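The next block is my_file33.cif, given as mmCIF, C-alpha atoms and all ligand atoms.
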data_coords
loop_
_atom_site.group_PDB
_atom_site.id
_atom_site.type_symbol
_atom_site.label_atom_id
_atom_site.label_comp_id
_atom_site.auth_asym_id
_atom_site.auth_seq_id
_atom_site.Cartn_x
_atom_site.Cartn_y
_atom_site.Cartn_z
ATOM 1 C CA MET A 117 0.000 0.000 0.000
ATOM 2 C CA ARG A 118 2.753 2.463 0.986
ATOM 3 C CA LYS A 119 4.765 1.507 -2.047
ATOM 4 C CA GLU A 120 1.759 2.157 -4.308
ATOM 5 C CA ARG A 121 1.224 5.592 -2.791
ATOM 6 C CA ARG A 122 4.885 6.469 -3.191
ATOM 7 C CA GLN A 123 4.797 5.376 -6.816
ATOM 8 C CA GLN A 124 1.615 7.402 -7.385
ATOM 9 C CA ARG A 125 3.222 10.518 -5.868
ATOM 10 C CA GLU A 126 6.309 10.058 -8.004
ATOM 11 C CA ARG A 127 4.148 9.728 -11.110
ATOM 12 C CA LEU A 128 2.267 12.920 -10.188
ATOM 13 C CA ARG A 129 5.529 14.760 -9.576
ATOM 14 C CA PHE A 130 6.814 13.608 -12.960
ATOM 15 C CA VAL A 131 3.590 14.665 -14.706
ATOM 16 C CA SER A 132 3.727 18.038 -12.904
ATOM 17 C CA TYR A 133 7.272 18.442 -14.114
ATOM 18 C CA LEU A 134 6.178 17.761 -17.709
ATOM 19 C CA TYR A 135 2.975 19.861 -17.543
ATOM 20 C CA PRO A 136 3.429 22.659 -15.000
ATOM 21 C CA PHE A 137 0.335 24.493 -13.745
ATOM 22 C CA PRO A 138 1.042 28.217 -14.209
ATOM 23 C CA ASN A 139 -1.855 29.420 -12.043
ATOM 24 C CA ARG A 140 -0.780 27.887 -8.745
ATOM 25 C CA GLY A 141 0.375 31.283 -7.478
ATOM 26 C CA GLY A 142 -2.967 32.988 -8.152
ATOM 27 C CA SER A 143 -2.396 33.973 -11.766
ATOM 28 C CA GLU A 144 -5.400 35.040 -13.858
ATOM 29 C CA GLU A 145 -4.955 32.131 -16.234
ATOM 30 C CA ARG A 146 -5.724 28.483 -15.841
ATOM 31 C CA ALA A 147 -3.326 25.823 -17.056
ATOM 32 C CA GLY A 148 -2.941 25.912 -20.810
ATOM 33 C CA GLY A 149 -3.335 29.722 -21.063
ATOM 34 C CA VAL A 150 -7.120 29.612 -20.688
ATOM 35 C CA PRO A 151 -8.369 32.714 -18.812
ATOM 36 C CA SER A 152 -10.045 32.002 -15.522
ATOM 37 C CA ARG A 153 -13.814 32.694 -15.718
ATOM 38 C CA LYS A 154 -13.733 34.300 -12.321
ATOM 39 C CA LYS A 155 -11.230 36.996 -13.259
ATOM 40 C CA GLU A 156 -12.152 37.329 -16.936
ATOM 41 C CA LYS A 157 -12.552 41.007 -17.737
ATOM 42 C CA ILE A 158 -15.807 41.971 -19.335
ATOM 43 C CA MET A 159 -15.381 45.061 -21.453
ATOM 44 C CA PRO A 160 -18.203 47.588 -21.700
ATOM 45 C CA THR A 161 -19.745 48.239 -25.109
ATOM 46 C CA VAL A 162 -20.465 51.573 -26.704
ATOM 47 C CA ALA A 163 -23.125 51.732 -29.394
ATOM 48 C CA ILE A 164 -23.313 54.743 -31.685
ATOM 49 C CA GLU A 165 -26.958 55.020 -32.653
ATOM 50 C CA GLY A 166 -27.472 53.763 -36.194
ATOM 51 C CA ARG A 167 -23.826 52.842 -36.583
ATOM 52 C CA ASP A 168 -21.251 50.678 -34.834
ATOM 53 C CA THR A 169 -21.180 48.893 -31.531
ATOM 54 C CA PHE A 170 -17.745 48.262 -30.117
ATOM 55 C CA GLU A 171 -16.030 47.144 -26.940
ATOM 56 C CA VAL A 172 -14.046 49.646 -24.919
ATOM 57 C CA GLU A 173 -11.469 49.230 -22.197
ATOM 58 C CA SER A 174 -13.175 50.208 -18.967
ATOM 59 C CA GLY A 175 -12.187 53.705 -17.841
ATOM 60 C CA LYS A 176 -11.322 55.025 -21.292
ATOM 61 C CA LYS A 177 -12.499 58.534 -22.171
ATOM 62 C CA LEU A 178 -15.628 58.321 -24.267
ATOM 63 C CA VAL A 179 -14.372 60.804 -26.861
ATOM 64 C CA LEU A 180 -11.279 58.653 -27.472
ATOM 65 C CA ALA A 181 -13.336 55.477 -27.682
ATOM 66 C CA ILE A 182 -15.585 57.097 -30.295
ATOM 67 C CA GLU A 183 -12.660 58.424 -32.291
ATOM 68 C CA ASP A 184 -10.745 55.143 -32.119
ATOM 69 C CA SER A 185 -13.802 53.368 -33.510
ATOM 70 C CA GLY A 186 -13.388 55.387 -36.699
ATOM 71 C CA TYR A 187 -16.087 57.984 -36.043
ATOM 72 C CA ASP A 188 -14.752 61.508 -36.675
ATOM 73 C CA ILE A 189 -16.195 63.184 -33.595
ATOM 74 C CA LEU A 190 -15.178 66.780 -33.029
ATOM 75 C CA HIS A 191 -13.091 67.763 -30.001
ATOM 76 C CA ARG A 192 -12.014 71.249 -30.908
ATOM 77 C CA CYS A 193 -10.668 72.344 -27.491
ATOM 78 C CA GLY A 194 -8.586 69.206 -27.045
ATOM 79 C CA GLY A 195 -10.699 67.718 -24.294
ATOM 80 C CA TYR A 196 -10.777 70.610 -21.805
ATOM 81 C CA ALA A 197 -14.556 70.978 -21.456
ATOM 82 C CA ARG A 198 -14.570 74.361 -23.193
ATOM 83 C CA CYS A 199 -15.996 73.940 -26.677
ATOM 84 C CA THR A 200 -18.910 71.431 -26.403
ATOM 85 C CA THR A 201 -18.170 70.077 -29.904
ATOM 86 C CA CYS A 202 -17.637 66.618 -28.393
ATOM 87 C CA LYS A 203 -21.152 66.569 -26.945
ATOM 88 C CA VAL A 204 -23.163 63.360 -27.130
ATOM 89 C CA HIS A 205 -26.785 62.587 -26.420
ATOM 90 C CA PHE A 206 -27.231 59.493 -24.268
ATOM 91 C CA LEU A 207 -29.941 57.029 -25.239
ATOM 92 C CA SER A 208 -28.914 54.635 -22.459
ATOM 93 C CA GLY A 209 -26.167 54.078 -19.931
ATOM 94 C CA GLU A 210 -25.536 57.712 -19.031
ATOM 95 C CA PRO A 211 -23.134 57.903 -16.085
ATOM 96 C CA SER A 212 -24.630 59.635 -13.070
ATOM 97 C CA GLU A 213 -21.494 61.540 -12.063
ATOM 98 C CA MET A 214 -20.588 64.821 -13.706
ATOM 99 C CA ASN A 215 -17.504 66.870 -12.898
ATOM 100 C CA PRO A 216 -17.848 70.625 -12.181
ATOM 101 C CA ALA A 217 -16.121 71.688 -15.419
ATOM 102 C CA GLU A 218 -18.552 69.689 -17.548
ATOM 103 C CA ARG A 219 -21.573 70.922 -15.589
ATOM 104 C CA GLU A 220 -20.490 74.551 -15.831
ATOM 105 C CA THR A 221 -19.869 74.421 -19.593
ATOM 106 C CA LEU A 222 -23.132 72.612 -20.317
ATOM 107 C CA GLU A 223 -25.035 75.112 -18.160
ATOM 108 C CA GLU A 224 -23.424 78.087 -19.891
ATOM 109 C CA ASP A 225 -24.413 76.743 -23.309
ATOM 110 C CA GLY A 226 -27.923 75.709 -22.248
ATOM 111 C CA LEU A 227 -27.159 72.037 -22.916
ATOM 112 C CA LEU A 228 -27.433 70.630 -19.412
ATOM 113 C CA GLY A 229 -29.881 67.740 -19.334
ATOM 114 C CA GLN A 230 -29.663 67.192 -23.094
ATOM 115 C CA TYR A 231 -26.036 66.381 -23.738
ATOM 116 C CA ARG A 232 -22.861 65.249 -22.032
ATOM 117 C CA LEU A 233 -19.295 66.145 -22.961
ATOM 118 C CA SER A 234 -17.659 62.960 -24.172
ATOM 119 C CA CYS A 235 -14.225 64.354 -23.274
ATOM 120 C CA GLN A 236 -15.311 64.349 -19.606
ATOM 121 C CA VAL A 237 -17.069 60.978 -19.515
ATOM 122 C CA ARG A 238 -15.284 57.714 -18.805
ATOM 123 C CA VAL A 239 -16.715 54.485 -20.147
ATOM 124 C CA THR A 240 -17.446 52.227 -17.199
ATOM 125 C CA GLY A 241 -20.569 50.467 -18.473
ATOM 126 C CA ASP A 242 -22.565 49.763 -21.615
ATOM 127 C CA MET A 243 -23.944 52.858 -23.298
ATOM 128 C CA THR A 244 -25.778 53.954 -26.419
ATOM 129 C CA ILE A 245 -25.038 57.441 -27.675
ATOM 130 C CA ASP A 246 -25.806 59.836 -30.484
ATOM 131 C CA PRO A 247 -22.955 62.254 -31.227
ATOM 132 C CA PRO A 248 -24.386 65.057 -33.393
ATOM 133 C CA ASP A 249 -21.193 66.786 -34.579
ATOM 134 C CA ARG A 250 -18.782 65.202 -37.029
ATOM 135 C CA ALA A 251 -15.669 66.786 -38.460
ATOM 136 C CA GLY A 252 -16.594 65.533 -41.940
ATOM 137 C CA ASP A 253 -20.067 67.101 -41.818
ATOM 138 C CA ARG A 254 -18.726 70.454 -40.683
ATOM 139 C CA GLY A 255 -15.718 70.390 -43.017
ATOM 140 C CA ILE A 256 -13.312 71.286 -40.209
ATOM 141 C CA PRO A 257 -10.511 69.392 -38.469
ATOM 142 C CA ALA A 258 -11.607 67.382 -35.415
ATOM 143 C CA GLY A 259 -9.184 69.175 -33.104
ATOM 144 C CA GLU A 260 -6.206 68.117 -31.037
ATOM 145 C CA ARG A 261 -6.603 64.611 -29.638
ATOM 146 C CA PRO A 262 -7.549 64.783 -25.945
ATOM 147 C CA GLU A 263 -5.193 63.174 -23.455
ATOM 148 C CA ASP A 264 -6.026 59.758 -22.008
HETATM 149 S S1 LIG B 1 -15.585 70.221 -24.669
HETATM 150 FE FE1 LIG B 1 -14.087 70.541 -26.135
HETATM 151 S S2 LIG B 1 -13.435 68.554 -26.603
HETATM 152 FE FE2 LIG B 1 -14.947 68.229 -25.122
#

Go ahead and express the file in the form of structure tokens.
Ligand code: FES
Amino acid sequence: MRKERRQQRERLRFVSYLYPFPNRGGSEERAGGVPSRKKEKIMPTVAIEGRDTFEVESGKKLVLAIEDSGYDILHRCGGYARCTTCKVHFLSGEPSEMNPAERETLEEDGLLGQYRLSCQVRVTGDMTIDPPDRAGDRGIPAGERPED
């Protein structure tokens, strides 16, 4: 009986040597490079009404997500909440938080409650939006790319 157990342990050790388990230390992957379901990251999706739906890394600025999807959204002030050209109308998934700069600019332009500034919004959940201003439609450059 003891001999059998010892042989079994030696076989297991040999197999472990041949096929190491990379996730023993708490890695996010299971053996064989398969991501663990528990820690699998689910990326939020952004849908542009009547156009594309795409996945976005959580926390990314909405204006950058829109632009990186190939939509030529305007951002004439470079993402400093001054111009409102990056405004979007939310059909769903509007974040509840709004920073003071965004609120002040929207109030000044009479847009509060209708639009949000995509340069001030971070994508943290699924959302459907309608961005009304495109560089191509206006025939002007989009503006300096906002910082991450
Ligand atoms: S307000 Fe100017 S880019 Fe957003």

Can I get the residues close to ligand LIG 1 (chain B) as number ranges by chain, where close means within 12 Å and we count all atoms listed in the file? A: 177-180, 183, 189-204, 217-222, 225, 227, 231-237, 247, 249, 258-263

Coordinates-based distance that separates CA of Ser208 in chain A from CA of Lys176 in chain A (Å, one decimal): 17.6 Å

Please, what is the axis-aligned box for every listed atom of range 199-213 of chain A with 5 Å on each side, as centre and edge lengths in Å to one decimal, as lines of an AutoDock Vina configuration file?
center_x = -23.0
center_y = 64.0
center_z = -21.0
size_x = 23.9
size_y = 29.9
size_z = 27.8

Restricting to only C-alpha atoms, whichever of A:Ile182, A:Met159, A:Ile245, A:Leu228 is closest to Glu210 in chain A is A:Ile245

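Pairwise distance (CA of Gly209 in chain A, CA of Asp242 in chain A) equals 5.9 Å.
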
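Residues matched by the PyMOL selection byres (((chain A and resi 163) around 9) and not hetatm) in this file are Thr161, Val162, Ile164, Glu165, Gly166, Arg167, Asp168, Thr169, Phe170, Glu171, Asp242, Met243, Thr244, Ile245 and Asp246 of chain A.
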
What is the distance between CA of Gly229 in chain A and CA of Leu207 in chain A, in Å to one decimal?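 That distance, rounded to one decimal, is 12.2 Å.
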